[in-house]
>>> print(open('query39.cif').read())   # mmCIF, C-alpha atoms
data_coords
#
loop_
_atom_site.group_PDB
_atom_site.id
_atom_site.type_symbol
_atom_site.label_atom_id
_atom_site.label_comp_id
_atom_site.auth_asym_id
_atom_site.auth_seq_id
_atom_site.Cartn_x
_atom_site.Cartn_y
_atom_site.Cartn_z
ATOM 1 C CA MET A 1 103.126 117.997 100.124
ATOM 2 C CA ARG A 2 105.627 115.699 98.420
ATOM 3 C CA PRO A 3 104.982 114.238 94.967
ATOM 4 C CA GLY A 4 104.448 110.474 94.983
ATOM 5 C CA GLN A 5 105.768 107.849 92.585
ATOM 6 C CA TRP A 6 104.128 104.831 91.007
ATOM 7 C CA LEU A 7 104.988 101.544 92.644
ATOM 8 C CA GLN A 8 106.545 98.715 90.637
ATOM 9 C CA PRO A 9 104.374 96.994 87.971
ATOM 10 C CA ARG A 10 103.722 94.083 90.347
ATOM 11 C CA HIS A 11 101.228 96.331 92.136
ATOM 12 C CA GLY A 12 98.820 96.616 89.211
ATOM 13 C CA SER A 13 95.996 95.171 91.283
ATOM 14 C CA ARG A 14 94.819 96.134 94.728
ATOM 15 C CA GLU A 15 94.980 92.500 95.897
ATOM 16 C CA MET A 16 98.731 92.271 95.154
ATOM 17 C CA PHE A 17 99.314 95.672 96.742
ATOM 18 C CA GLU A 18 97.579 94.612 99.979
ATOM 19 C CA LYS A 19 99.508 91.332 100.000
ATOM 20 C CA ASP A 20 102.903 93.087 99.705
ATOM 21 C CA PHE A 21 102.002 96.029 101.971
ATOM 22 C CA MET A 22 100.198 94.105 104.698
ATOM 23 C CA THR A 23 100.842 96.265 107.779
ATOM 24 C CA VAL A 24 98.474 99.205 108.285
ATOM 25 C CA ASP A 25 100.122 102.374 109.617
ATOM 26 C CA PRO A 26 97.448 104.983 110.483
ATOM 27 C CA GLY A 27 100.001 107.806 110.842
ATOM 28 C CA GLY A 28 101.170 107.703 107.233
ATOM 29 C CA LEU A 29 102.471 110.476 104.987
ATOM 30 C CA ASP A 30 100.403 112.475 102.502
ATOM 31 C CA VAL A 31 101.701 112.597 98.918
ATOM 32 C CA ALA A 32 100.336 113.756 95.575
ATOM 33 C CA CYS A 33 99.443 111.090 93.015
ATOM 34 C CA PRO A 34 101.893 111.385 90.069
ATOM 35 C CA ALA A 35 99.068 111.409 87.503
ATOM 36 C CA CYS A 36 95.933 113.065 88.890
ATOM 37 C CA LYS A 37 97.629 115.055 91.730
ATOM 38 C CA GLU A 38 94.977 113.874 94.226
ATOM 39 C CA LEU A 39 95.994 113.517 97.862
ATOM 40 C CA VAL A 40 97.023 109.918 98.683
ATOM 41 C CA LYS A 41 97.645 108.883 102.277
ATOM 42 C CA LEU A 42 100.414 106.283 102.610
ATOM 43 C CA THR A 43 98.829 104.039 105.236
ATOM 44 C CA ARG A 44 100.406 100.679 104.323
ATOM 45 C CA ARG A 45 103.890 99.396 105.140
ATOM 46 C CA SER A 46 105.819 96.509 103.582
ATOM 47 C CA PRO A 47 108.004 94.131 105.619
ATOM 48 C CA LEU A 48 111.052 95.967 104.189
ATOM 49 C CA GLY A 49 109.819 99.293 105.603
ATOM 50 C CA LYS A 50 108.549 100.870 102.366
ATOM 51 C CA MET A 51 105.369 102.915 102.622
ATOM 52 C CA GLY A 52 102.551 102.834 100.095
ATOM 53 C CA GLY A 53 99.013 103.938 99.449
ATOM 54 C CA TRP A 54 96.334 103.398 96.813
ATOM 55 C CA CYS A 55 95.047 106.129 94.492
ATOM 56 C CA LYS A 56 91.337 105.419 94.113
ATOM 57 C CA LYS A 57 90.945 107.692 91.110
ATOM 58 C CA CYS A 58 93.825 106.137 89.074
ATOM 59 C CA ASN A 59 93.434 102.675 90.659
ATOM 60 C CA ARG A 60 97.204 102.278 91.182
ATOM 61 C CA GLY A 61 99.682 101.947 94.009
ATOM 62 C CA VAL A 62 101.613 105.069 95.033
ATOM 63 C CA GLY A 63 104.743 105.260 97.184
ATOM 64 C CA THR A 64 107.631 107.554 98.014
#
>>> encode(input="query39.cif", output="structure tokens")
Amino acid sequence: MRPGQWLQPRHGSREMFEKDFMTVDPGGLDVACPACKELVKLTRRSPLGKMGGWCKKCNRGVGT
């Protein structure tokens, strides 16, 4: 499993994250959250092709 990275500060809230990563991709990657090391599934895709997911424990956006 690859380690994930925090997304830019703009994604401090889940509402902003869902607005920027609006396309749902059910076949996403699994990465480790950079802080708590929990499994985060990257199921959202931005219009630019970036993938992201939300760590529920840390309440932050995670990407690759």
>>> atom_distance(input="query39.cif", atom1="CA of Val40 in chain A", atom2="CA of Lys19 in chain A")
18.8 Å
>>> resolve_selection(input="query39.cif", expression="the PyMOL selection byres ((chain A and resi 8) around 12)", output="number ranges by chain")
A: 5-7, 9-13, 16-17, 20, 52, 60-64
>>> write_last_selection(input="query39.cif", atoms="C-alpha atoms", output="JSON list (two decimals), keeping the file's coordinate frame")
[["chain", "number", "residue", "atom", "x", "y", "z"],
["A", 5, "GLN", "CA", 105.77, 107.85, 92.58],
["A", 6, "TRP", "CA", 104.13, 104.83, 91.01],
["A", 7, "LEU", "CA", 104.99, 101.54, 92.64],
["A", 9, "PRO", "CA", 104.37, 96.99, 87.97],
["A", 10, "ARG", "CA", 103.72, 94.08, 90.35],
["A", 11, "HIS", "CA", 101.23, 96.33, 92.14],
["A", 12, "GLY", "CA", 98.82, 96.62, 89.21],
["A", 13, "SER", "CA", 96.00, 95.17, 91.28],
["A", 16, "MET", "CA", 98.73, 92.27, 95.15],
["A", 17, "PHE", "CA", 99.31, 95.67, 96.74],
["A", 20, "ASP", "CA", 102.90, 93.09, 99.70],
["A", 52, "GLY", "CA", 102.55, 102.83, 100.10],
["A", 60, "ARG", "CA", 97.20, 102.28, 91.18],
["A", 61, "GLY", "CA", 99.68, 101.95, 94.01],
["A", 62, "VAL", "CA", 101.61, 105.07, 95.03],
["A", 63, "GLY", "CA", 104.74, 105.26, 97.18],
["A", 64, "THR", "CA", 107.63, 107.55, 98.01]]
>>> closest_residue(input="query39.cif", among="A:Cys58, A:Val24, A:Arg14, A:Gly4", to="Cys36 in chain A", atoms="only C-alpha atoms")
A:Cys58
>>> atom_distance(input="query39.cif", atom1="CA of Phe21 in chain A", atom2="CA of Cys33 in chain A")
17.7 Å
>>> closest_residue(input="query39.cif", among="A:Glu15, A:Met22, A:Lys41, A:Leu29", to="Gly53 in chain A", atoms="all atoms listed in the file")
A:Lys41
>>> resolve_selection(input="query39.cif", expression="the PyMOL selection byres ((chain A and resi 2) around 6)", output="MDAnalysis selection string")
chainID A and resid 1 3 31
>>> atom_distance(input="query39.cif", atom1="CA of Glu18 in chain A", atom2="CA of Leu39 in chain A")
19.1 Å
>>> resolve_selection(input="query39.cif", expression="the PyMOL selection byres ((chain A and resi 46) around 7)", output="list in words")
Asp20, Phe21, Met22, Thr23, Arg44, Arg45, Pro47, Leu48, Gly49, Lys50 and Met51 of chain A
